[in-house]
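Have a look at my_file.csv below; it lists CSV, C-alpha atoms.
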```
chain,number,residue,atom,x,y,z
A,1,MET,CA,-61.0,34.9,57.8
A,2,PRO,CA,-58.2,37.1,56.4
A,3,ALA,CA,-54.7,35.8,56.3
A,4,GLY,CA,-52.8,36.7,59.4
A,5,ASN,CA,-55.3,35.4,62.0
A,6,GLU,CA,-54.5,32.7,64.4
A,7,ILE,CA,-56.2,29.5,65.7
A,8,SER,CA,-55.0,28.3,69.1
A,9,PHE,CA,-55.0,24.7,70.1
A,10,PRO,CA,-53.7,23.0,73.3
A,11,ASP,CA,-50.2,22.3,71.9
A,12,GLY,CA,-49.6,25.5,69.8
A,13,VAL,CA,-51.1,27.8,67.3
A,14,ALA,CA,-51.9,27.7,63.6
A,15,LYS,CA,-51.3,31.1,61.9
A,16,VAL,CA,-53.2,31.7,58.7
A,17,VAL,CA,-50.9,33.4,56.1
A,18,ALA,CA,-50.7,34.0,52.4
A,19,LEU,CA,-48.1,32.6,50.1
A,20,THR,CA,-45.9,35.6,50.7
A,21,GLY,CA,-45.9,34.8,54.4
A,22,VAL,CA,-44.1,31.5,53.8
A,23,GLN,CA,-41.9,32.0,50.7
A,24,ASN,CA,-39.0,33.4,52.6
A,25,CYS,CA,-39.3,30.9,55.4
A,26,GLU,CA,-36.8,28.0,55.6
A,27,ALA,CA,-39.5,25.8,57.1
A,28,TRP,CA,-41.5,26.1,53.8
A,29,LYS,CA,-38.7,24.4,51.9
A,30,ARG,CA,-38.3,21.7,54.5
A,31,ALA,CA,-42.0,20.9,54.6
A,32,PHE,CA,-42.0,19.1,51.2
A,33,GLN,CA,-38.3,18.6,50.6
A,34,ASN,CA,-38.7,14.8,50.1
A,35,ARG,CA,-41.7,15.0,47.9
A,36,CYS,CA,-41.8,15.0,44.1
A,37,LYS,CA,-44.1,18.0,44.2
A,38,ASP,CA,-42.1,20.2,46.6
A,39,HIS,CA,-42.8,23.7,47.8
A,40,ARG,CA,-42.1,25.1,44.3
A,41,TYR,CA,-45.0,23.1,42.9
A,42,TYR,CA,-47.5,24.6,45.5
A,43,GLU,CA,-46.3,28.1,44.5
A,44,ILE,CA,-46.8,27.3,40.8
A,45,VAL,CA,-50.3,25.9,41.4
A,46,GLU,CA,-51.4,29.0,43.3
A,47,GLU,CA,-49.8,31.5,40.9
A,48,THR,CA,-51.0,29.9,37.6
A,49,LEU,CA,-54.3,28.1,38.1
A,50,GLN,CA,-57.3,30.3,37.4
A,51,ASN,CA,-60.0,28.2,39.2
A,52,ASP,CA,-62.0,29.7,42.0
A,53,PHE,CA,-59.6,28.5,44.7
A,54,GLU,CA,-58.8,30.7,47.8
A,55,HIS,CA,-55.3,29.6,48.8
A,56,HIS,CA,-54.0,29.9,52.3
A,57,TYR,CA,-51.2,28.3,54.4
A,58,LEU,CA,-51.4,27.2,58.0
A,59,ARG,CA,-48.1,28.0,59.7
A,60,ILE,CA,-48.3,25.6,62.6
A,61,GLU,CA,-46.1,26.5,65.6
A,62,ASP,CA,-45.7,24.7,69.0
A,63,LEU,CA,-45.8,26.5,72.3
A,64,SER,CA,-42.1,27.5,72.0
A,65,GLY,CA,-42.7,29.2,68.7
A,66,ASN,CA,-41.0,26.6,66.6
A,67,ILE,CA,-42.6,26.1,63.2
A,68,ARG,CA,-43.4,22.4,63.0
A,69,ALA,CA,-45.4,22.5,59.7
A,70,ILE,CA,-46.7,24.6,56.9
A,71,GLN,CA,-49.9,23.1,55.6
A,72,PRO,CA,-51.4,24.3,52.3
A,73,VAL,CA,-55.2,24.7,52.3
A,74,PHE,CA,-57.7,26.2,50.0
A,75,PHE,CA,-61.4,27.0,49.9
A,76,VAL,CA,-63.6,26.0,46.9
A,77,ARG,CA,-67.3,25.5,46.2
A,78,GLN,CA,-67.6,21.8,45.4
A,79,ASN,CA,-70.2,19.8,43.5
A,80,LEU,CA,-70.7,16.8,45.8
A,81,VAL,CA,-72.1,14.5,43.0
A,82,GLU,CA,-69.3,15.2,40.5
A,83,GLY,CA,-68.8,12.0,38.6
A,84,VAL,CA,-71.9,10.2,40.1
A,85,PRO,CA,-73.8,8.6,37.3
A,86,GLY,CA,-77.3,7.1,36.9
A,87,LYS,CA,-80.4,7.7,38.9
A,88,ILE,CA,-78.8,9.6,41.8
A,89,ARG,CA,-77.4,12.2,39.4
A,90,SER,CA,-80.7,12.5,37.5
A,91,VAL,CA,-82.6,13.3,40.7
A,92,VAL,CA,-80.0,15.8,41.7
A,93,ASP,CA,-80.1,17.5,38.3
A,94,LEU,CA,-83.9,17.8,38.6
A,95,VAL,CA,-83.7,19.4,42.0
A,96,ARG,CA,-81.0,21.8,40.8
A,97,LYS,CA,-83.5,23.3,38.2
A,98,ILE,CA,-85.2,24.8,41.2
A,99,PHE,CA,-82.3,25.0,43.7
A,100,PRO,CA,-79.1,25.5,41.6
A,101,ARG,CA,-76.7,25.0,44.5
A,102,PHE,CA,-78.3,21.8,45.8
A,103,LEU,CA,-75.5,19.5,47.0
A,104,THR,CA,-72.8,22.1,46.4
A,105,MET,CA,-71.0,23.4,49.4
A,106,ARG,CA,-68.2,25.7,50.3
A,107,VAL,CA,-65.4,23.3,51.3
A,108,LEU,CA,-62.1,23.7,53.2
A,109,MET,CA,-59.6,21.5,51.3
A,110,VAL,CA,-56.4,20.4,52.9
A,111,GLY,CA,-53.7,19.4,50.4
A,112,CYS,CA,-52.9,20.3,46.8
A,113,ALA,CA,-55.3,21.8,44.3
A,114,ALA,CA,-53.6,19.9,41.5
A,115,GLY,CA,-52.1,16.8,42.9
A,116,THR,CA,-52.1,14.4,45.8
A,117,GLY,CA,-52.1,15.6,49.4
A,118,ASP,CA,-49.2,15.7,51.9
A,119,LEU,CA,-48.8,16.7,55.4
A,120,GLY,CA,-46.5,19.8,55.5
A,121,ALA,CA,-44.4,18.6,58.5
A,122,CYS,CA,-40.9,20.1,58.5
A,123,ASP,CA,-39.7,16.9,60.0
A,124,GLU,CA,-41.3,13.5,59.1
A,125,LYS,CA,-41.0,12.5,62.7
A,126,ASP,CA,-43.5,15.3,63.5
A,127,GLU,CA,-46.3,14.0,61.2
A,128,ALA,CA,-48.4,12.6,64.1
A,129,TRP,CA,-48.1,15.9,66.0
A,130,VAL,CA,-49.1,17.8,62.9
A,131,ALA,CA,-52.1,15.6,62.3
A,132,ASN,CA,-53.3,16.2,65.8
A,133,ALA,CA,-52.7,20.0,65.4
A,134,LEU,CA,-54.8,20.0,62.2
A,135,LEU,CA,-57.6,18.0,63.9
A,136,ALA,CA,-57.7,20.5,66.7
A,137,SER,CA,-57.8,23.6,64.4
A,138,LEU,CA,-59.5,22.8,61.1
A,139,ARG,CA,-63.1,22.8,62.2
A,140,THR,CA,-62.7,26.2,63.9
A,141,TYR,CA,-61.0,27.6,60.8
A,142,ALA,CA,-63.7,26.2,58.5
A,143,ARG,CA,-66.6,27.5,60.5
A,144,GLN,CA,-65.0,31.0,60.8
A,145,ASN,CA,-64.8,31.0,57.0
A,146,LYS,CA,-68.4,29.7,56.5
A,147,ALA,CA,-67.3,26.4,55.0
A,148,SER,CA,-69.7,23.5,55.5
A,149,LEU,CA,-67.2,20.7,54.8
A,150,ILE,CA,-63.6,19.9,55.6
A,151,VAL,CA,-61.8,17.5,53.2
A,152,LEU,CA,-58.3,16.1,53.4
A,153,LYS,CA,-57.9,15.7,49.7
A,154,ASP,CA,-56.3,12.6,48.0
A,155,PHE,CA,-53.8,11.6,50.8
A,156,PRO,CA,-51.8,8.5,49.9
A,157,ALA,CA,-52.4,5.3,51.8
A,158,ASN,CA,-49.1,5.5,53.6
A,159,TYR,CA,-50.6,8.3,55.7
A,160,ARG,CA,-53.4,6.0,57.1
A,161,SER,CA,-51.8,5.3,60.4
A,162,VAL,CA,-51.0,8.9,61.0
A,163,LEU,CA,-54.4,10.2,59.9
A,164,GLU,CA,-56.3,7.5,61.8
A,165,THR,CA,-57.0,10.2,64.4
A,166,PHE,CA,-59.3,11.9,61.9
A,167,ALA,CA,-61.3,8.7,61.2
A,168,LEU,CA,-61.7,8.2,65.0
A,169,ASN,CA,-62.9,11.8,65.6
A,170,GLY,CA,-65.8,12.4,63.3
A,171,TYR,CA,-64.3,12.2,59.8
A,172,ALA,CA,-65.4,9.7,57.2
A,173,GLN,CA,-62.5,8.0,55.4
A,174,ILE,CA,-63.5,7.1,51.9
A,175,PRO,CA,-61.4,6.0,48.9
A,176,SER,CA,-60.7,8.7,46.2
A,177,MET,CA,-60.0,7.8,42.6
A,178,PRO,CA,-56.6,6.0,42.8
A,179,MET,CA,-53.4,6.5,40.9
A,180,THR,CA,-51.8,3.5,39.2
A,181,ARG,CA,-48.3,2.2,39.2
A,182,LEU,CA,-46.2,-0.1,37.0
A,183,ALA,CA,-43.0,-1.6,38.3
A,184,LEU,CA,-40.3,-1.2,35.6
A,185,CYS,CA,-38.4,-4.4,36.4
A,186,TYR,CA,-37.5,-5.0,32.7
A,187,GLU,CA,-34.6,-4.4,30.4
A,188,ASN,CA,-36.8,-2.8,27.7
A,189,TRP,CA,-40.3,-2.6,26.3
A,190,ASP,CA,-40.1,-5.9,24.5
A,191,GLU,CA,-39.3,-7.8,27.7
A,192,TYR,CA,-42.2,-6.0,29.5
A,193,PHE,CA,-44.5,-6.7,26.5
A,194,ARG,CA,-43.9,-10.4,26.7
A,195,THR,CA,-45.2,-10.5,30.3
A,196,LEU,CA,-48.6,-9.2,29.2
A,197,SER,CA,-51.6,-11.5,28.5
A,198,LYS,CA,-51.9,-13.0,25.1
A,199,ALA,CA,-55.1,-11.1,24.4
A,200,THR,CA,-53.5,-7.8,25.4
A,201,ARG,CA,-50.4,-8.5,23.2
A,202,LYS,CA,-52.6,-9.2,20.3
A,203,ASP,CA,-54.7,-6.1,20.8
A,204,LEU,CA,-51.6,-3.8,21.2
A,205,ARG,CA,-49.9,-5.3,18.1
A,206,ARG,CA,-53.0,-4.5,16.1
A,207,LYS,CA,-53.1,-0.9,17.4
A,208,PHE,CA,-49.4,-0.3,16.7
A,209,ARG,CA,-49.6,-1.8,13.2
A,210,LYS,CA,-52.4,0.6,12.4
A,211,ALA,CA,-50.3,3.6,13.6
A,212,ASP,CA,-47.3,2.4,11.7
A,213,ARG,CA,-49.2,2.3,8.5
A,214,ALA,CA,-49.9,6.0,8.8
A,215,ALA,CA,-47.4,8.8,8.3
A,216,LYS,CA,-44.4,8.4,10.6
A,217,ILE,CA,-44.8,9.6,14.2
A,218,GLU,CA,-41.7,11.0,15.9
A,219,MET,CA,-41.1,11.6,19.6
A,220,GLU,CA,-39.1,14.4,21.2
A,221,VAL,CA,-38.4,15.0,24.9
A,222,VAL,CA,-37.9,18.6,26.0
A,223,THR,CA,-37.6,20.5,29.3
A,224,GLU,CA,-38.6,23.9,27.8
A,225,ILE,CA,-42.2,24.0,26.6
A,226,ALA,CA,-42.7,27.8,25.9
A,227,PRO,CA,-42.0,27.5,22.2
A,228,PHE,CA,-44.7,24.8,21.8
A,229,ILE,CA,-47.3,26.0,24.2
A,230,ASP,CA,-49.8,27.3,21.7
A,231,GLU,CA,-49.8,24.0,19.9
A,232,ILE,CA,-49.9,21.7,23.0
A,233,TYR,CA,-52.4,23.6,25.1
A,234,PRO,CA,-55.5,22.9,22.9
A,235,LEU,CA,-54.6,19.2,23.0
A,236,TYR,CA,-54.6,19.3,26.8
A,237,LEU,CA,-58.0,21.0,26.8
A,238,ALA,CA,-59.4,18.5,24.3
A,239,VAL,CA,-58.6,15.6,26.7
A,240,HIS,CA,-59.7,17.6,29.8
A,241,GLU,CA,-63.1,18.3,28.4
A,242,ARG,CA,-63.7,14.6,27.7
A,243,SER,CA,-63.0,13.7,31.3
A,244,PRO,CA,-66.1,12.7,33.4
A,245,LEU,CA,-64.4,14.1,36.6
A,246,LYS,CA,-63.0,17.7,36.5
A,247,PHE,CA,-61.6,19.5,39.5
A,248,GLU,CA,-58.8,21.9,38.3
A,249,THR,CA,-58.1,23.2,34.9
A,250,LEU,CA,-54.4,23.8,34.1
A,251,THR,CA,-53.3,26.9,32.2
A,252,LYS,CA,-50.7,27.8,29.7
A,253,ASP,CA,-48.8,29.5,32.5
A,254,TYR,CA,-48.8,26.3,34.6
A,255,PHE,CA,-46.9,24.5,31.9
A,256,ARG,CA,-44.5,27.4,31.2
A,257,VAL,CA,-43.7,28.0,34.9
A,258,ILE,CA,-43.3,24.3,35.8
A,259,ALA,CA,-40.7,24.1,33.1
A,260,GLN,CA,-38.9,27.2,34.3
A,261,ARG,CA,-38.9,26.4,38.1
A,262,MET,CA,-38.6,22.6,38.1
A,263,PRO,CA,-36.4,22.0,35.1
A,264,GLU,CA,-34.6,19.0,36.8
A,265,ARG,CA,-38.0,17.2,37.1
A,266,ALA,CA,-40.2,18.4,34.3
A,267,ARG,CA,-40.1,16.4,31.0
A,268,PHE,CA,-42.4,17.2,28.1
A,269,PHE,CA,-42.9,14.3,25.6
A,270,ILE,CA,-44.0,15.6,22.2
A,271,TRP,CA,-45.2,13.5,19.3
A,272,ARG,CA,-45.3,14.9,15.8
A,273,GLN,CA,-46.8,13.5,12.6
A,274,SER,CA,-45.7,15.3,9.3
A,275,GLY,CA,-44.4,18.1,11.5
A,276,LYS,CA,-47.6,18.7,13.4
A,277,ILE,CA,-47.8,18.0,17.1
A,278,VAL,CA,-50.5,15.3,17.6
A,279,ALA,CA,-49.8,14.4,21.3
A,280,PHE,CA,-47.9,15.5,24.3
A,281,SER,CA,-47.4,14.4,27.9
A,282,LEU,CA,-46.1,16.3,30.9
A,283,CYS,CA,-44.1,14.0,33.3
A,284,LEU,CA,-42.2,14.6,36.5
A,285,VAL,CA,-39.1,12.6,37.1
A,286,CYS,CA,-38.1,12.2,40.8
A,287,GLY,CA,-35.8,9.7,42.3
A,288,ASP,CA,-36.4,6.3,40.7
A,289,ALA,CA,-39.9,7.1,39.4
A,290,ILE,CA,-41.6,8.9,36.6
A,291,TYR,CA,-45.1,10.5,37.2
A,292,ASP,CA,-47.3,10.9,34.1
A,293,GLU,CA,-49.2,14.1,35.0
A,294,CYS,CA,-51.3,14.9,32.0
A,295,ILE,CA,-51.7,14.2,28.4
A,296,GLY,CA,-52.9,16.1,25.3
A,297,LEU,CA,-54.2,14.5,22.1
A,298,ASP,CA,-55.3,15.7,18.7
A,299,TYR,CA,-58.6,13.8,18.4
A,300,SER,CA,-58.7,14.3,14.6
A,301,VAL,CA,-56.1,11.4,14.6
A,302,ALA,CA,-55.8,10.2,18.2
A,303,LEU,CA,-58.6,7.6,18.2
A,304,ASP,CA,-57.8,6.2,14.7
A,305,LEU,CA,-54.1,5.8,15.5
A,306,HIS,CA,-54.6,4.7,19.1
A,307,LEU,CA,-52.2,7.5,20.2
A,308,TYR,CA,-52.9,6.9,23.9
A,309,PHE,CA,-51.2,3.5,23.7
A,310,TYR,CA,-48.5,4.8,21.4
A,311,THR,CA,-47.5,7.5,23.8
A,312,LEU,CA,-47.6,5.1,26.8
A,313,ARG,CA,-45.3,2.7,25.0
A,314,ASP,CA,-42.8,5.5,24.3
A,315,ILE,CA,-42.9,6.9,27.8
A,316,ILE,CA,-42.3,3.5,29.4
A,317,SER,CA,-39.6,2.7,26.9
A,318,TRP,CA,-37.8,6.0,27.7
A,319,ALA,CA,-38.2,5.4,31.5
A,320,LEU,CA,-36.6,2.0,31.1
A,321,GLN,CA,-33.7,3.5,29.2
A,322,GLN,CA,-33.2,6.0,32.0
A,323,GLY,CA,-33.0,3.2,34.6
A,324,LEU,CA,-36.2,4.3,36.4
A,325,LYS,CA,-38.0,1.7,38.5
A,326,TYR,CA,-41.6,2.9,38.6
A,327,TYR,CA,-44.1,4.5,36.3
A,328,TYR,CA,-47.1,6.3,38.0
A,329,SER,CA,-50.1,7.6,36.2
A,330,ASN,CA,-52.9,9.8,37.4
A,331,PRO,CA,-56.5,8.7,38.1
A,332,LEU,CA,-59.1,7.6,35.6
A,333,ASN,CA,-59.0,5.6,32.3
A,334,TYR,CA,-58.5,2.4,34.3
A,335,GLU,CA,-59.4,-0.2,31.6
A,336,PRO,CA,-56.2,0.0,29.6
A,337,LYS,CA,-54.1,0.3,32.8
A,338,LEU,CA,-55.7,-2.9,34.1
A,339,HIS,CA,-54.7,-4.8,30.9
A,340,LEU,CA,-51.1,-3.3,31.1
A,341,ASP,CA,-50.7,-5.0,34.5
A,342,CYS,CA,-50.6,-1.7,36.5
A,343,GLU,CA,-51.6,-1.8,40.2
A,344,LEU,CA,-53.7,0.6,42.1
A,345,VAL,CA,-52.1,3.3,44.3
A,346,PRO,CA,-54.9,4.1,46.8
A,347,LEU,CA,-55.7,7.7,47.7
A,348,ASP,CA,-58.0,8.6,50.6
A,349,LEU,CA,-60.4,11.4,51.4
A,350,TYR,CA,-61.1,12.4,55.0
A,351,VAL,CA,-64.4,14.3,55.2
A,352,ARG,CA,-66.6,15.8,57.8
A,353,HIS,CA,-69.4,18.3,58.1
A,354,THR,CA,-68.6,21.3,60.3
A,355,SER,CA,-72.0,20.9,62.1
A,356,ALA,CA,-71.8,18.4,64.9
A,357,VAL,CA,-75.5,17.8,64.5
A,358,LEU,CA,-75.5,17.1,60.8
A,359,ASN,CA,-72.2,15.2,60.6
A,360,PRO,CA,-73.4,11.8,61.7
A,361,ALA,CA,-76.0,11.7,58.9
A,362,PHE,CA,-73.6,13.2,56.5
A,363,ARG,CA,-71.1,10.4,57.1
A,364,ARG,CA,-73.8,7.8,56.2
A,365,ILE,CA,-74.7,9.6,53.0
A,366,LEU,CA,-71.1,9.9,51.9
A,367,LYS,CA,-70.7,6.2,51.2
A,368,TYR,CA,-73.2,6.6,48.3
A,369,LEU,CA,-71.3,9.6,46.9
A,370,GLY,CA,-67.8,8.1,47.1
A,371,PRO,CA,-66.2,8.4,43.6
A,372,THR,CA,-64.9,4.8,43.4
A,373,ARG,CA,-68.3,3.3,43.8
A,374,HIS,CA,-69.2,4.2,40.3
A,375,ASP,CA,-66.2,2.7,38.4
A,376,PRO,CA,-66.7,-1.1,38.0
A,377,VAL,CA,-63.2,-1.5,36.5
A,378,LEU,CA,-61.5,-0.7,39.8
A,379,GLN,CA,-62.8,-3.9,41.4
A,380,ARG,CA,-61.1,-6.0,38.8
A,381,PHE,CA,-57.6,-4.9,39.8
A,382,PRO,CA,-55.7,-7.5,41.9
A,383,ASN,CA,-55.1,-5.1,44.8
A,384,ALA,CA,-58.6,-3.5,44.7
A,385,ASP,CA,-59.1,-4.6,48.4
A,386,GLN,CA,-56.5,-1.9,49.3
A,387,LEU,CA,-58.8,0.9,48.4
```

Whole structure, structure tokens version:
Amino acid sequence: MPAGNEISFPDGVAKVVALTGVQNCEAWKRAFQNRCKDHRYYEIVEETLQNDFEHHYLRIEDLSGNIRAIQPVFFVRQNLVEGVPGKIRSVVDLVRKIFPRFLTMRVLMVGCAAGTGDLGACDEKDEAWVANALLASLRTYARQNKASLIVLKDFPANYRSVLETFALNGYAQIPSMPMTRLALCYENWDEYFRTLSKATRKDLRRKFRKADRAAKIEMEVVTEIAPFIDEIYPLYLAVHERSPLKFETLTKDYFRVIAQRMPERARFFIWRQSGKIVAFSLCLVCGDAIYDECIGLDYSVALDLHLYFYTLRDIISWALQQGLKYYYSNPLNYEPKLHLDCELVPLDLYVRHTSAVLNPAFRRILKYLGPTRHDPVLQRFPNADQL
């Protein structure tokens, strides 16, 4: 369905528009004004990511014509067994030799293509109204665009009460791969380090000693990344390619533009050894928290020098110096985060098939395809029951 069409529901209308249809709208700025990834971030993602995403925006109005929300959505063809290991994946791979698109579907995604999901309510008091508006309009919109699935992507657990209406009306609620969080209630790294288990402290000391015996590694924090983009981007790709779960691939323009348009939030940590960049991390600073968005590593030295832990120590130390209260990191690589006393930050998927006939069976199948089922480390976190 081309941008510009409308979907009516009992309390209003959802108008499908392109990015240009919301950029000059005051409601667009209000929709995500209290989020770290505000309206600027959604614009950056659409403009710079080269994945096969079809971005649209639902401008949701009530019967009086007031814009109550602007909800980013996008269409993508999704592999339903991404990250599923073992026998299930082996069987699927065999079938795909004959039917290449087996268990891949055109999906209507609600949320952000490169981040967690948020409801785009212009006023937080309207979130329940917006959730009901989406429930009333998404299935029609998806079917008109020949999408088989609807997915509310990676919504934080604080939305559970508001989004309960989806779970009660045909959507399966399943845990997505969670973020992690560390409370920074320490004066400095040394105080935090002393709170870790004896085994973890011993392991980290060994890692840091090995790095210290090599040529000196120096860290720099910058807000402008353009001069270094050709050096840091291959390091990002090296880490990205090793990930068992891949959804979006960031581009050079993504890093450049986020530095240009969100300079008060974007911080690029760069580590050099003998003048050569061997690691970098993009973080967003918002309020009292720092969000570690992505990392890049030079694997010719990264594993030998344990650069992941080296960079983590430097970022946490910097955050403590700035007086920040929380360190958040993105999903995956849970083993070291468990030993560093991080806690899980649950994210949820709300999923349904657009066919009323197929949806009941599909909901039962989904429990075997949920991404968290296949990571045994997650169940060892103290708050795993919150997933």

note - atom CA of A:Gln144 and atom CA of A:Val76 are separated by 14.8 Å

Checklist entry - Expressed in Å to a single decimal, how great is the separation between atom CA of A:Val222 and atom CA of A:Gln260? => result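 The value is 12.0 Å.
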
- Using all atoms listed in the file, which of A:Ala384, A:Ile295, A:Cys112, A:Leu152 sits nearest A:Ile174?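 The shortest atom-to-atom distance to A:Ile174 comes from A:Leu152.
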
Could you jot down the atom CA of A:Asn132 to atom CA of A:Asn24 separation for me, Å, one decimal place?
->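 About the pair atom CA of A:Asn132 and atom CA of A:Asn24: they are 26.0 Å apart.
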
Using all atoms listed in the file, the residue out of A:Leu349, A:Ile7, A:Ile217, A:Ile315 with shortest distance to A:Pro178 is A:Leu349

Which residue gives the smallest distance to A:Glu54 among A:Arg106, A:Arg143, A:Arg380, A:Lys367, with all atoms listed in the file counted?
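Of A:Arg106, A:Arg143, A:Arg380, A:Lys367, the one nearest A:Glu54, counting all atoms listed in the file, is A:Arg106.
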
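Comparing A:Leu108, A:Pro346, A:Phe247, A:Val301 by their smallest distance to A:Thr372, the closest is A:Pro346 (using all atoms listed in the file).
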
**Study point:** Test item: residues at most 10 Å from stretch 17-21 of chain A, all atoms listed in the file, excluding those fewer than 3 positions along its chain, as a count of residues only
**Key:** 21

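Distances to A:Thr223 were evaluated for A:Ala183, A:Ala266, A:Leu347, A:Ala199 using all atoms listed in the file, and the minimum falls at A:Ala266.
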
A:Glu61: which residues within 8 Å, counting only C-alpha atoms, same-chain residues fewer than 6 positions away excluded, as a ChimeraX atom specification? /A:12-15,67-69

Contacts of A:Leu163 at 9 Å (all atoms listed in the file; same-chain gap of 3+ positions) as a PyMOL selection string = chain A and resi 128+131-132+159-160+166-167+350

- Find, counting all atoms listed in the file, the residue in A:Ala121, A:Ala27, A:Cys342, A:Ala226 that gets nearest to A:Leu134.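 Closest candidate: A:Ala121.
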
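For A:Ile225, the residues within 7 Å (counting all atoms listed in the file, excluding itself and residues fewer than 3 positions away along the chain) are A:Val222, A:Phe228, A:Ile229, A:Arg256, A:Ala259, A:Phe268.
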
- Query: Which neighbours of A:Ile258 fall inside 10 Å, counting all atoms listed in the file, when residues of the same chain fewer than 4 positions from it are skipped, and could you give them as an NGL selection string?
  - Reply: :A and (40-41 or 43-45 or 48 or 223-225 or 253-254 or 262-263 or 265-267 or 282 or 284)
